[in-house]
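Asks: For reference, the file protein.cif (mmCIF, C-alpha atoms) is included below:
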```cif
data_data
loop_
_atom_site.label_atom_id
_atom_site.label_comp_id
_atom_site.auth_asym_id
_atom_site.auth_seq_id
_atom_site.Cartn_x
_atom_site.Cartn_y
_atom_site.Cartn_z
CA MET A 597 24.38 -121.45 -70.66
CA VAL A 598 21.51 -123.50 -72.06
CA VAL A 599 18.14 -123.68 -70.40
CA GLU A 600 15.69 -126.58 -70.80
CA THR A 601 15.53 -127.71 -74.39
CA ASP A 602 12.55 -130.06 -74.62
CA HIS A 603 10.39 -128.07 -76.94
CA VAL A 604 7.39 -130.39 -76.80
CA GLY A 605 7.09 -130.90 -80.50
CA LEU A 606 8.61 -127.54 -81.31
CA ASN A 607 11.22 -127.86 -83.98
CA HIS A 608 13.42 -125.56 -85.89
CA ASP A 609 10.90 -125.36 -88.73
CA VAL A 610 8.25 -123.87 -86.44
CA ILE A 611 10.59 -121.10 -85.35
CA GLN A 612 11.58 -120.46 -88.92
CA GLY A 613 7.92 -120.41 -89.91
CA CYS A 614 7.25 -117.77 -87.22
CA GLN A 615 10.20 -115.79 -88.48
CA ARG A 616 8.62 -115.80 -91.95
CA GLY A 617 5.33 -114.59 -90.42
CA ASP A 618 3.47 -117.88 -90.89
CA GLN A 619 0.33 -117.83 -88.69
CA GLU A 620 0.03 -121.61 -88.44
CA SER A 621 3.57 -121.86 -87.07
CA PHE A 622 2.79 -119.14 -84.56
CA ARG A 623 -0.33 -120.98 -83.44
CA GLU A 624 1.72 -124.15 -83.00
CA LEU A 625 4.33 -122.30 -80.99
CA PHE A 626 1.59 -120.69 -78.87
CA GLU A 627 -0.04 -124.04 -78.12
CA SER A 628 3.22 -125.60 -77.01
CA HIS A 629 4.19 -122.73 -74.69
CA LYS A 630 0.94 -121.18 -73.49
CA ASP A 631 0.82 -123.05 -70.17
CA LYS A 632 4.36 -122.13 -69.32
CA VAL A 633 3.84 -118.44 -70.12
CA TYR A 634 0.46 -118.23 -68.42
CA SER A 635 1.68 -120.04 -65.29
CA ILE A 636 4.60 -117.70 -64.78
CA ALA A 637 2.35 -114.70 -65.37
CA LEU A 638 -0.29 -115.98 -62.96
CA ARG A 639 2.17 -116.85 -60.20
CA TYR A 640 3.90 -113.52 -60.59
CA ALA A 641 0.82 -111.30 -60.80
CA GLY A 642 -1.42 -113.41 -58.54
CA ASP A 643 -4.41 -112.38 -60.62
CA ARG A 644 -6.00 -114.17 -63.62
CA ALA A 645 -6.91 -111.02 -65.53
CA ALA A 646 -3.40 -109.65 -65.12
CA ALA A 647 -1.95 -113.01 -66.14
CA MET A 648 -3.99 -112.91 -69.35
CA ASP A 649 -2.63 -109.46 -70.16
CA ILE A 650 0.95 -110.47 -69.34
CA ALA A 651 0.63 -113.59 -71.50
CA GLN A 652 -0.82 -111.51 -74.33
CA ASP A 653 2.03 -109.03 -74.04
CA THR A 654 4.58 -111.87 -74.05
CA PHE A 655 3.21 -113.47 -77.21
CA LEU A 656 2.95 -110.11 -78.95
CA LYS A 657 6.59 -109.46 -78.06
CA LEU A 658 7.41 -112.92 -79.29
CA MET A 659 5.80 -112.25 -82.68
CA ASP A 660 7.50 -108.88 -82.89
CA ARG A 661 10.97 -110.14 -81.97
CA ILE A 662 11.08 -113.69 -83.24
CA GLY A 663 13.16 -112.44 -86.16
CA GLN A 664 15.90 -111.51 -83.69
CA PHE A 665 16.11 -115.06 -82.28
CA ARG A 666 19.32 -116.55 -83.64
CA GLY A 667 19.43 -119.74 -81.61
CA GLU A 668 22.48 -118.69 -79.60
CA SER A 669 20.64 -119.70 -76.43
CA SER A 670 17.76 -122.14 -76.21
CA PHE A 671 14.34 -120.98 -77.30
CA ASP A 672 12.99 -121.59 -73.79
CA SER A 673 15.62 -119.38 -72.27
CA TRP A 674 14.79 -116.64 -74.79
CA LEU A 675 11.07 -117.03 -74.07
CA TYR A 676 11.61 -116.88 -70.31
CA ARG A 677 13.28 -113.53 -70.77
CA LEU A 678 10.30 -112.25 -72.72
CA VAL A 679 7.94 -113.38 -69.95
CA VAL A 680 10.13 -111.81 -67.28
CA ASN A 681 10.18 -108.52 -69.19
CA SER A 682 6.42 -108.58 -69.58
CA CYS A 683 6.03 -109.25 -65.84
CA LEU A 684 8.35 -106.36 -65.02
CA ASP A 685 6.44 -104.10 -67.40
CA TYR A 686 3.26 -105.12 -65.63
CA ARG A 687 4.84 -104.38 -62.29
CA ARG A 688 5.90 -100.92 -63.44
CA ARG A 689 2.31 -100.20 -64.31
CA GLN A 690 1.05 -101.52 -61.00
CA LYS A 691 3.84 -100.27 -58.80
CA ARG A 692 3.13 -100.88 -55.15
CA TRP A 693 4.99 -99.99 -52.01
CA MET A 694 3.28 -102.57 -49.88
CA PRO A 695 5.70 -105.46 -50.52
CA MET A 696 8.57 -103.50 -49.01
CA VAL A 697 6.51 -102.34 -46.04
CA GLU A 698 5.28 -105.85 -45.37
CA GLU A 699 8.77 -107.32 -45.59
CA PHE A 700 9.93 -104.78 -43.04
CA PHE A 701 7.26 -105.79 -40.53
CA ASP A 702 7.72 -109.48 -41.32
CA SER A 703 11.34 -109.25 -40.24
CA PHE A 704 10.09 -108.93 -36.63
CA ARG A 705 8.15 -112.18 -36.75
CA ALA A 706 9.73 -115.53 -35.88
CA PRO A 707 9.01 -118.51 -38.13
CA GLN A 708 7.69 -121.80 -36.67
CA ALA A 709 8.34 -125.12 -38.42
CA SER A 710 5.29 -126.97 -37.18
CA ALA A 711 2.89 -124.29 -38.27
CA LEU A 712 4.48 -124.26 -41.68
CA GLN A 713 4.17 -127.99 -42.04
CA ASN A 714 0.44 -127.77 -41.34
CA LEU A 715 0.06 -125.92 -44.56
CA LEU A 716 0.98 -129.01 -46.51
CA GLY A 717 -2.30 -130.62 -45.58
CA ASP A 718 -4.38 -127.54 -46.04
CA GLU A 719 -6.20 -126.46 -49.13
CA ARG A 720 -5.04 -122.95 -48.73
CA GLN A 721 -3.51 -122.56 -52.12
CA GLN A 722 -4.88 -119.12 -52.76
CA GLN A 723 -3.54 -117.87 -49.46
CA VAL A 724 -0.08 -119.21 -50.20
CA GLN A 725 -0.18 -117.63 -53.62
CA ASP A 726 -1.26 -114.35 -52.09
CA VAL A 727 1.71 -114.47 -49.74
CA VAL A 728 4.04 -115.09 -52.67
CA ALA A 729 2.37 -112.33 -54.67
CA ARG A 730 3.27 -109.86 -51.93
CA LEU A 731 6.99 -110.52 -52.23
CA SER A 732 9.15 -107.82 -53.77
CA PRO A 733 9.36 -108.19 -57.57
CA GLU A 734 12.96 -109.47 -57.57
CA HIS A 735 12.27 -112.13 -54.95
CA LYS A 736 8.96 -113.12 -56.48
CA MET A 737 10.38 -113.69 -59.95
CA ILE A 738 13.07 -115.99 -58.62
CA VAL A 739 10.54 -117.94 -56.55
CA VAL A 740 8.26 -118.32 -59.57
CA LEU A 741 11.05 -119.50 -61.87
CA ARG A 742 12.25 -121.89 -59.19
CA TYR A 743 8.95 -123.42 -58.09
CA THR A 744 6.63 -122.95 -61.05
CA GLU A 745 9.17 -123.82 -63.70
CA GLY A 746 11.62 -125.84 -61.61
CA LEU A 747 14.66 -124.03 -62.98
CA SER A 748 18.06 -124.50 -61.40
CA TYR A 749 20.06 -121.62 -59.95
CA GLU A 750 22.17 -121.55 -63.10
CA GLU A 751 19.15 -121.46 -65.35
CA ILE A 752 17.53 -118.68 -63.33
CA ALA A 753 20.79 -116.72 -63.44
CA ASP A 754 20.84 -117.14 -67.22
CA VAL A 755 17.26 -115.93 -67.63
CA LEU A 756 17.67 -112.96 -65.29
CA GLN A 757 21.21 -112.29 -66.52
CA CYS A 758 22.70 -112.08 -63.08
CA SER A 759 25.16 -114.22 -61.13
CA ARG A 760 24.36 -117.53 -59.48
CA GLY A 761 25.30 -115.93 -56.16
CA THR A 762 22.71 -113.22 -56.66
CA VAL A 763 20.07 -115.87 -57.34
CA ALA A 764 21.10 -117.81 -54.24
CA SER A 765 21.04 -114.80 -51.94
CA ARG A 766 17.70 -113.51 -53.27
CA LEU A 767 16.13 -116.93 -52.98
CA ASN A 768 17.46 -117.30 -49.44
CA ARG A 769 16.01 -113.92 -48.53
CA ALA A 770 12.69 -114.83 -50.16
CA HIS A 771 12.61 -118.10 -48.21
CA LYS A 772 13.01 -116.24 -44.93
CA VAL A 773 10.22 -113.82 -45.76
CA LEU A 774 7.94 -116.63 -46.89
CA GLU A 775 8.69 -118.73 -43.79
CA ARG A 776 7.61 -115.86 -41.56
CA ARG A 777 4.49 -115.07 -43.53
CA LEU A 778 3.40 -118.66 -44.00
CA SER A 779 3.99 -119.41 -40.32
CA GLY A 780 1.73 -116.51 -39.42
CA LEU A 781 -0.85 -117.77 -41.90
CA ALA A 782 -0.93 -121.30 -40.52
CA GLN A 783 -1.35 -120.05 -36.95
CA ARG A 784 -4.57 -118.16 -37.74
CA MET B 223 13.73 -123.94 -39.88
CA SER B 224 15.16 -124.34 -43.35
CA SER B 225 13.98 -124.15 -46.91
CA GLU B 226 13.47 -127.93 -46.81
CA ASN B 227 10.19 -127.34 -45.00
CA LEU B 228 9.23 -124.61 -47.37
CA ASP B 229 10.02 -126.36 -50.65
CA PRO B 230 7.08 -128.83 -50.56
CA VAL B 231 4.64 -126.04 -49.74
CA LEU B 232 5.81 -123.87 -52.60
CA LYS B 233 6.03 -126.76 -55.04
CA LYS B 234 2.53 -127.81 -54.14
CA HIS B 235 0.94 -124.40 -54.47
CA LEU B 236 2.99 -122.73 -57.16
CA GLY B 237 3.01 -125.42 -59.81
CA ARG B 238 2.11 -124.94 -63.43
CA VAL B 239 -1.49 -124.44 -64.42
CA GLU B 240 -3.28 -124.80 -67.72
CA ALA B 241 -3.81 -121.66 -69.69
CA PRO B 242 -7.50 -120.79 -70.10
CA PRO B 243 -9.02 -121.75 -73.45
CA ASN B 244 -9.69 -118.13 -74.37
CA LEU B 245 -6.04 -117.11 -74.10
CA TRP B 246 -5.54 -117.44 -77.85
CA SER B 247 -8.44 -115.10 -78.62
CA HIS B 248 -7.11 -112.73 -75.95
CA VAL B 249 -3.66 -112.74 -77.56
CA ARG B 250 -5.20 -112.03 -80.97
CA GLY B 251 -7.59 -109.45 -79.53
CA PRO B 252 -7.10 -105.73 -78.93
CA VAL B 253 -4.09 -104.70 -76.93
CA PRO B 254 -5.03 -102.98 -73.67
CA VAL B 255 -4.04 -99.35 -73.48
CA HIS B 256 -2.22 -98.58 -70.28
CA SER B 257 -3.05 -95.02 -69.43
CA ARG B 258 -0.37 -92.83 -68.02
CA GLY B 259 -3.01 -90.43 -66.77
CA TRP B 260 -2.31 -91.08 -63.11
CA SER B 261 1.42 -90.40 -63.57
CA TRP B 262 0.69 -87.10 -65.23
CA ALA B 263 -1.82 -86.22 -62.54
CA ALA B 264 0.75 -87.06 -59.84
CA ALA B 265 3.39 -84.95 -61.57
CA ALA B 266 0.97 -82.05 -61.92
CA ALA B 267 -0.01 -82.32 -58.26
CA LEU B 268 3.65 -82.37 -57.22
CA VAL B 269 4.38 -79.24 -59.27
CA ALA B 270 1.34 -77.52 -57.74
CA ILE B 271 2.47 -78.43 -54.21
CA ILE B 272 5.99 -77.13 -54.83
CA ALA B 273 4.68 -73.94 -56.40
CA GLY B 274 2.25 -73.43 -53.52
CA GLY B 275 4.96 -74.05 -50.95
CA TRP B 276 7.25 -71.59 -52.65
CA THR B 277 4.53 -68.94 -52.71
CA LEU B 278 3.74 -69.48 -49.02
CA TRP B 279 7.44 -69.38 -48.17
CA ASN B 280 7.81 -66.03 -49.90
CA GLU B 281 4.63 -64.74 -48.33
CA PHE B 282 5.39 -65.62 -44.71
CA ARG B 283 9.15 -65.61 -44.42
CA ALA B 284 10.64 -62.93 -42.20
CA PRO B 285 11.09 -59.69 -44.14
CA GLN B 286 14.70 -58.82 -44.79
CA THR B 287 15.72 -55.42 -43.47
CA VAL B 288 17.17 -52.87 -45.83
CA GLU B 289 20.31 -52.85 -43.68
CA ALA B 290 20.74 -56.58 -44.23
CA MET B 291 20.15 -56.09 -47.94
CA ALA B 292 22.83 -53.39 -47.99
CA LEU B 293 25.36 -55.70 -46.36
CA ALA B 294 24.39 -58.45 -48.80
CA ALA B 295 25.02 -56.02 -51.64
CA LEU B 296 28.55 -55.46 -50.37
CA ASP B 297 29.16 -59.21 -50.19
CA ARG B 298 27.63 -59.89 -53.55
CA GLY B 299 29.85 -57.54 -55.52
CA PRO B 300 29.06 -56.20 -58.98
CA GLU B 301 28.59 -59.55 -60.76
CA ASN B 302 24.89 -59.88 -59.99
CA LEU B 303 23.83 -56.34 -60.74
CA ASP B 304 20.91 -55.94 -63.12
CA LEU B 305 22.57 -52.98 -64.76
CA GLN B 306 26.34 -52.85 -65.03
CA THR B 307 27.58 -49.44 -66.03
CA GLU B 308 29.79 -46.64 -64.72
CA ASP B 309 27.54 -43.97 -66.20
CA ALA B 310 25.63 -42.18 -63.43
CA ALA B 311 22.98 -40.74 -65.77
CA SER B 312 22.17 -44.23 -67.11
CA VAL B 313 21.91 -45.59 -63.59
CA ARG B 314 19.58 -42.80 -62.47
CA LYS B 315 17.34 -43.26 -65.50
CA TRP B 316 17.27 -47.07 -65.19
CA VAL B 317 16.47 -47.00 -61.46
CA LYS B 318 13.70 -44.45 -61.98
CA SER B 319 12.05 -46.49 -64.72
CA ASN B 320 12.35 -49.81 -62.85
CA SER B 321 11.42 -48.74 -59.33
CA GLY B 322 9.95 -45.27 -59.52
CA ILE B 323 12.69 -44.11 -57.16
CA ASP B 324 14.74 -41.08 -58.10
CA ILE B 325 18.24 -41.06 -56.67
CA PRO B 326 19.82 -37.65 -57.02
CA LEU B 327 23.02 -38.78 -58.71
CA PRO B 328 25.01 -36.05 -60.44
CA PRO B 329 25.72 -36.75 -64.11
CA LYS B 330 29.48 -36.86 -63.56
CA HIS B 331 31.73 -37.94 -60.74
CA ALA B 332 35.20 -36.76 -60.17
CA GLY B 333 37.93 -38.39 -58.15
CA VAL B 334 37.45 -41.48 -56.05
CA ILE B 335 33.87 -42.52 -56.97
CA ARG B 336 33.42 -45.24 -59.57
CA ILE B 337 29.88 -46.55 -60.09
CA GLN B 338 29.56 -50.26 -60.84
CA GLY B 339 25.85 -50.50 -61.56
CA ALA B 340 22.40 -50.96 -60.05
CA ARG B 341 19.70 -53.44 -59.32
CA VAL B 342 16.18 -53.41 -57.95
CA ASN B 343 15.48 -55.72 -54.97
CA GLY B 344 12.52 -56.88 -53.00
CA GLU B 345 9.18 -58.47 -53.86
CA SER B 346 6.48 -55.99 -52.96
CA LYS B 347 8.83 -53.46 -51.42
CA ARG B 348 10.89 -51.95 -54.17
CA VAL B 349 14.45 -51.26 -53.14
CA ALA B 350 16.84 -49.56 -55.53
CA GLU B 351 20.51 -50.39 -55.07
CA VAL B 352 23.51 -48.55 -56.46
CA SER B 353 26.85 -50.26 -55.99
CA TYR B 354 30.06 -48.33 -56.28
CA GLN B 355 33.71 -48.13 -55.33
CA VAL B 356 35.19 -45.35 -53.23
CA GLY B 357 38.86 -45.69 -53.93
CA GLU B 358 39.71 -49.18 -52.79
CA PHE B 359 36.56 -49.64 -50.66
CA ARG B 360 33.19 -50.98 -51.70
CA ALA B 361 29.95 -49.14 -50.96
CA ALA B 362 26.26 -49.63 -51.66
CA LEU B 363 23.41 -47.15 -51.41
CA LEU B 364 19.94 -48.59 -51.05
CA VAL B 365 16.90 -46.35 -51.46
CA THR B 366 13.23 -47.07 -50.78
CA LYS B 367 10.08 -45.03 -50.84
CA ASP B 368 9.32 -43.80 -47.32
CA PRO B 369 5.61 -43.12 -46.93
CA THR B 370 6.12 -41.78 -43.42
CA GLY B 371 8.87 -39.41 -44.43
CA THR B 372 8.28 -35.72 -45.00
CA LYS B 373 8.49 -35.08 -48.69
CA SER B 374 9.35 -31.44 -48.19
CA TYR B 375 12.12 -32.11 -45.70
CA PRO B 376 15.20 -31.34 -47.77
CA LYS B 377 17.93 -32.39 -45.36
CA HIS B 378 19.27 -35.70 -44.16
CA ASP B 379 17.27 -36.94 -41.21
CA PHE B 380 19.72 -39.51 -39.82
CA ARG B 381 18.17 -42.45 -38.01
CA GLY B 382 21.31 -44.16 -36.82
CA SER B 383 24.35 -46.20 -37.68
CA ASP B 384 25.75 -49.57 -36.96
CA ALA B 385 29.26 -50.91 -36.96
CA LEU B 386 29.55 -54.52 -37.95
CA GLU B 387 32.54 -56.80 -38.21
CA THR B 388 33.26 -56.16 -41.85
CA ALA B 389 31.13 -53.17 -42.73
CA ARG B 390 29.32 -50.12 -41.45
CA VAL B 391 25.82 -48.94 -42.17
CA THR B 392 24.03 -45.63 -41.75
CA SER B 393 20.47 -44.65 -42.63
CA TRP B 394 18.52 -41.47 -43.14
CA SER B 395 15.34 -40.11 -44.67
CA MET B 396 14.99 -37.28 -47.07
CA LYS B 397 12.26 -35.99 -49.37
CA GLY B 398 9.98 -38.99 -48.88
CA GLN B 399 12.68 -41.57 -49.50
CA SER B 400 14.69 -43.70 -47.12
CA TYR B 401 18.42 -44.13 -47.72
CA THR B 402 20.76 -46.79 -46.36
CA LEU B 403 24.45 -46.58 -47.04
CA ALA B 404 26.84 -49.44 -46.34
CA TRP B 405 30.57 -49.36 -46.81
CA THR B 406 33.60 -51.47 -46.05
CA ALA B 407 36.01 -48.72 -45.01
CA PRO B 408 36.80 -48.36 -41.32
CA GLY B 409 35.24 -45.58 -39.27
CA GLU B 410 33.55 -42.48 -40.58
CA PHE B 411 33.63 -42.43 -44.33
CA ARG B 412 32.48 -39.10 -45.68
CA ALA B 413 34.00 -39.82 -49.09
CA ALA B 414 31.10 -42.22 -49.72
CA CYS B 415 28.81 -39.17 -49.76
CA LEU B 416 30.48 -38.04 -53.00
CA LEU B 417 28.16 -40.41 -54.85
CA CYS B 418 25.49 -37.71 -54.64
CA HIS B 419 27.41 -34.65 -53.41
CA ASP B 420 30.07 -32.66 -55.18
CA GLN B 421 32.09 -32.34 -51.99
CA GLU B 422 32.39 -34.18 -48.71
CA PRO B 423 30.22 -32.89 -45.90
CA PRO B 424 32.29 -31.11 -43.26
CA VAL B 425 31.07 -33.44 -40.56
CA LEU B 426 28.31 -36.01 -40.16
CA PRO B 427 25.67 -35.49 -37.46
CA PRO B 428 26.60 -37.24 -34.19
CA SER B 429 23.93 -39.92 -34.53
CA SER B 430 25.40 -41.08 -37.80
CA LEU B 431 28.95 -41.41 -36.58
CA VAL B 432 30.33 -44.81 -36.01
CA ASN B 433 32.35 -45.12 -32.87
#
```
Using structure tokens, write down the structure that the file contains.
Replies:
Amino acid sequence: MVVETDHVGLNHDVIQGCQRGDQESFRELFESHKDKVYSIALRYAGDRAAAMDIAQDTFLKLMDRIGQFRGESSFDSWLYRLVVNSCLDYRRRQKRWMPMVEEFFDSFRAPQASALQNLLGDERQQQVQDVVARLSPEHKMIVVLRYTEGLSYEEIADVLQCSRGTVASRLNRAHKVLERRLSGLAQR
Amino acid sequence: MSSENLDPVLKKHLGRVEAPPNLWSHVRGPVPVHSRGWSWAAAAALVAIIAGGWTLWNEFRAPQTVEAMALAALDRGPENLDLQTEDAASVRKWVKSNSGIDIPLPPKHAGVIRIQGARVNGESKRVAEVSYQVGEFRAALLVTKDPTGTKSYPKHDFRGSDALETARVTSWSMKGQSYTLAWTAPGEFRAACLLCHDQEPPVLPPSSLVN
């Protein structure tokens, strides 16, 4: 399985330069991937300071492990896995029970289409992001990869190393939770 | 309602953002140390709670009667004895040094008595237990200090007996100690007295007989 391969100027020489420990190559690789890494971290953590730490952790892992990259999968796919691991490490440090509790109570609420559609015209970005941030870690990561990075089910399955069916069912579950929460948000 | 309504909302609000300009300096800067202090504190608190609960449980649980302990000794068998020996002198010495209780065991036993060993029970109340076989039957003698007993009273002051489904128990006081004898044989079982006596008593007092 090959994930997105447009490396925005990244070529094989840059990766090889990083593997040799060349700082200029690493800076070039950082510049071409920083938005992607930071965006995933921010959408996952819902907090700029945490996103900075996750991005830092990801690039440190990248420097540490770039020698292990053999090109068997695309570089993007390999990088996504590093980001996901850093997000999960962050989550382990910030473990919260609230997402599960909230999902339980949300299951009693009924979603309303019109209320949800109102959100499209609202500038309530932070509120939507907060709702996403309260998803369980498994659901949240799939939502982030899907909507922040626009990955397909197959690509998400490749990054998370699970089946396409697992991705589909988790995304479906996440949609239901989000529909309920966003409906409640729009009604306020 | 389907995900078609949700997709535009999520695409609109969850799109990519630009990394802040200081991300590079953050990446090259010091790595934050993630303290595990809270985890250790939680673990320590959990251990303290468990230890406290265990202490309270031992403090307030219903005290086990010596009769119940005697029956438990019969059930338990010789495997869990603190001292496993057939030598009566060793048992007497060990019990004395571990509980302060002196059980008047003769140095030698003839015939049907075969000592299996001893243990000391109880938390604050020290209970000395001697387990033994009388022929094919099991028996256990449990002895405690009896502060209310008359130290000078040399004879068995029987307090009563009980017949249970699988065992019988009788108790008495003598010389400031309380004795409880349990055995698995049916009916009156004077042979069990040979643990301390060189011959069977002619007859047990009426209150000690099991009917």
Asks: Give the residues of chain A that lie within 7 Å of chain B; count only C-alpha atoms, and format the answer as JSON, numbers by chain.
Replies: {"A": [630, 631, 632, 634, 635, 639, 648, 652, 655, 709, 713, 715, 716, 721, 724, 725, 743, 744, 771, 775]}
Asks: Rounded to one decimal in Å, what is the spacing between atom CA of A:Ser732 and atom CA of A:Asp660?
Replies: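 For atom CA of A:Ser732 relative to atom CA of A:Asp660, the distance reads 29.2 Å.
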Asks: Skipping near chain neighbours, those fewer than 2 positions away, what residues fall within 8 Å of B:Leu293 using only C-alpha atoms, listed as a list of chain:residue names?
Replies: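 So, after excluding close chain neighbours, the residues are B:Glu289, B:Ala290, B:Met291, B:Ala295, B:Leu296, B:Asp297, B:Ala389, B:Val391, B:Ala404.
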Asks: Around stretch 769-772 of chain A, fit a box with edges along x, y and z, padding it by 6 Å on each side, then list its centre and edge lengths in Å to one decimal as AutoDock Vina command-line options.
Replies:
```
--center_x 14.3 --center_y -116.0 --center_z -47.5 --size_x 15.4 --size_y 16.2 --size_z 17.2
```
Asks: Need the neighbours of (35.8, -46.5, -50.1): which residues are at most 8 Å away, counting only C-alpha atoms, as a list in words?
Replies: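 Protein, DNA and RNA residues close to (35.8, -46.5, -50.1): Val334, Gln355, Val356, Gly357, Glu358, Phe359, Arg360, Ala361, Trp405, Thr406, Ala407, Phe411, Ala413 and Ala414 of chain B.
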Asks: Write a file of the selected residues as a compact mmCIF listing (two decimals), in the frame of the given file, keeping C-alpha atoms.
Replies:
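Final file, out-v7.txt:
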```txt
# COMPACT_ATOMS: atom_id res chain seq x y z
CA VAL B 334 37.45 -41.48 -56.05
CA GLN B 355 33.71 -48.13 -55.33
CA VAL B 356 35.19 -45.35 -53.23
CA GLY B 357 38.86 -45.69 -53.93
CA GLU B 358 39.71 -49.18 -52.79
CA PHE B 359 36.56 -49.64 -50.66
CA ARG B 360 33.19 -50.98 -51.70
CA ALA B 361 29.95 -49.14 -50.96
CA TRP B 405 30.57 -49.36 -46.81
CA THR B 406 33.60 -51.47 -46.05
CA ALA B 407 36.01 -48.72 -45.01
CA PHE B 411 33.63 -42.43 -44.33
CA ALA B 413 34.00 -39.82 -49.09
CA ALA B 414 31.10 -42.22 -49.72
```
Asks: What does the structure give for the distance between atom CA of B:Arg341 and atom CA of B:Leu305, in Å to one decimal?
Replies: 6.2 Å
Asks: Take atom CA of A:Ala637 and atom CA of A:Leu684 and report the distance between them in Å, one decimal.
Replies: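 Between atom CA of A:Ala637 and atom CA of A:Leu684 the gap works out to 10.3 Å.
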Asks: Identify which of the residues A:Met737, A:Leu767, A:Leu638, A:Val679 lies closest to A:Leu658, counting all atoms listed in the file when measuring atom-to-atom distances.
Replies: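 Between A:Met737, A:Leu767, A:Leu638, A:Val679, the residue approaching A:Leu658 most closely is A:Val679.
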Asks: Which is closest to A:Ala764 among A:Ser670, A:His735, A:Asp649, A:Ser779, if we use only C-alpha atoms?
Replies: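 Closest to A:Ala764, using only C-alpha atoms: A:His735.
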Asks: Atoms are missing here; could stretch 261-276 of chain B be completed with N, CA and C atoms and written as an mmCIF file, keeping the file's coordinate frame?
Replies:
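Here's the written file out25.cif:
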```cif
data_model
loop_
_atom_site.group_PDB
_atom_site.id
_atom_site.type_symbol
_atom_site.label_atom_id
_atom_site.label_comp_id
_atom_site.auth_asym_id
_atom_site.auth_seq_id
_atom_site.Cartn_x
_atom_site.Cartn_y
_atom_site.Cartn_z
ATOM 1 N N SER B 261 0.068 -90.937 -63.722
ATOM 2 C CA SER B 261 1.420 -90.400 -63.570
ATOM 3 C C SER B 261 1.439 -88.909 -63.855
ATOM 4 N N TRP B 262 0.718 -88.525 -64.922
ATOM 5 C CA TRP B 262 0.690 -87.100 -65.230
ATOM 6 C C TRP B 262 -0.023 -86.325 -64.139
ATOM 7 N N ALA B 263 -1.094 -86.907 -63.608
ATOM 8 C CA ALA B 263 -1.820 -86.220 -62.540
ATOM 9 C C ALA B 263 -0.929 -86.059 -61.314
ATOM 10 N N ALA B 264 -0.160 -87.130 -60.993
ATOM 11 C CA ALA B 264 0.750 -87.060 -59.840
ATOM 12 C C ALA B 264 1.816 -85.992 -60.063
ATOM 13 N N ALA B 265 2.356 -85.950 -61.277
ATOM 14 C CA ALA B 265 3.390 -84.950 -61.570
ATOM 15 C C ALA B 265 2.816 -83.541 -61.459
ATOM 16 N N ALA B 266 1.596 -83.372 -61.978
ATOM 17 C CA ALA B 266 0.970 -82.050 -61.920
ATOM 18 C C ALA B 266 0.707 -81.637 -60.482
ATOM 19 N N ALA B 267 0.257 -82.623 -59.667
ATOM 20 C CA ALA B 267 -0.010 -82.320 -58.260
ATOM 21 C C ALA B 267 1.280 -81.939 -57.535
ATOM 22 N N LEU B 268 2.365 -82.658 -57.864
ATOM 23 C CA LEU B 268 3.650 -82.370 -57.220
ATOM 24 C C LEU B 268 4.117 -80.952 -57.565
ATOM 25 N N VAL B 269 3.986 -80.590 -58.836
ATOM 26 C CA VAL B 269 4.380 -79.240 -59.270
ATOM 27 C C VAL B 269 3.542 -78.200 -58.545
ATOM 28 N N ALA B 270 2.231 -78.477 -58.418
ATOM 29 C CA ALA B 270 1.340 -77.520 -57.740
ATOM 30 C C ALA B 270 1.727 -77.360 -56.280
ATOM 31 N N ILE B 271 2.078 -78.491 -55.628
ATOM 32 C CA ILE B 271 2.470 -78.430 -54.210
ATOM 33 C C ILE B 271 3.743 -77.620 -54.038
ATOM 34 N N ILE B 272 4.720 -77.872 -54.926
ATOM 35 C CA ILE B 272 5.990 -77.130 -54.830
ATOM 36 C C ILE B 272 5.758 -75.645 -55.065
ATOM 37 N N ALA B 273 4.942 -75.343 -56.087
ATOM 38 C CA ALA B 273 4.680 -73.940 -56.400
ATOM 39 C C ALA B 273 3.950 -73.255 -55.238
ATOM 40 N N GLY B 274 2.984 -73.978 -54.650
ATOM 41 C CA GLY B 274 2.250 -73.430 -53.520
ATOM 42 C C GLY B 274 3.147 -73.197 -52.319
ATOM 43 N N GLY B 275 4.019 -74.168 -52.069
ATOM 44 C CA GLY B 275 4.960 -74.050 -50.950
ATOM 45 C C GLY B 275 5.890 -72.872 -51.130
ATOM 46 N N TRP B 276 6.337 -72.702 -52.358
ATOM 47 C CA TRP B 276 7.250 -71.590 -52.650
ATOM 48 C C TRP B 276 6.538 -70.250 -52.448
#
```
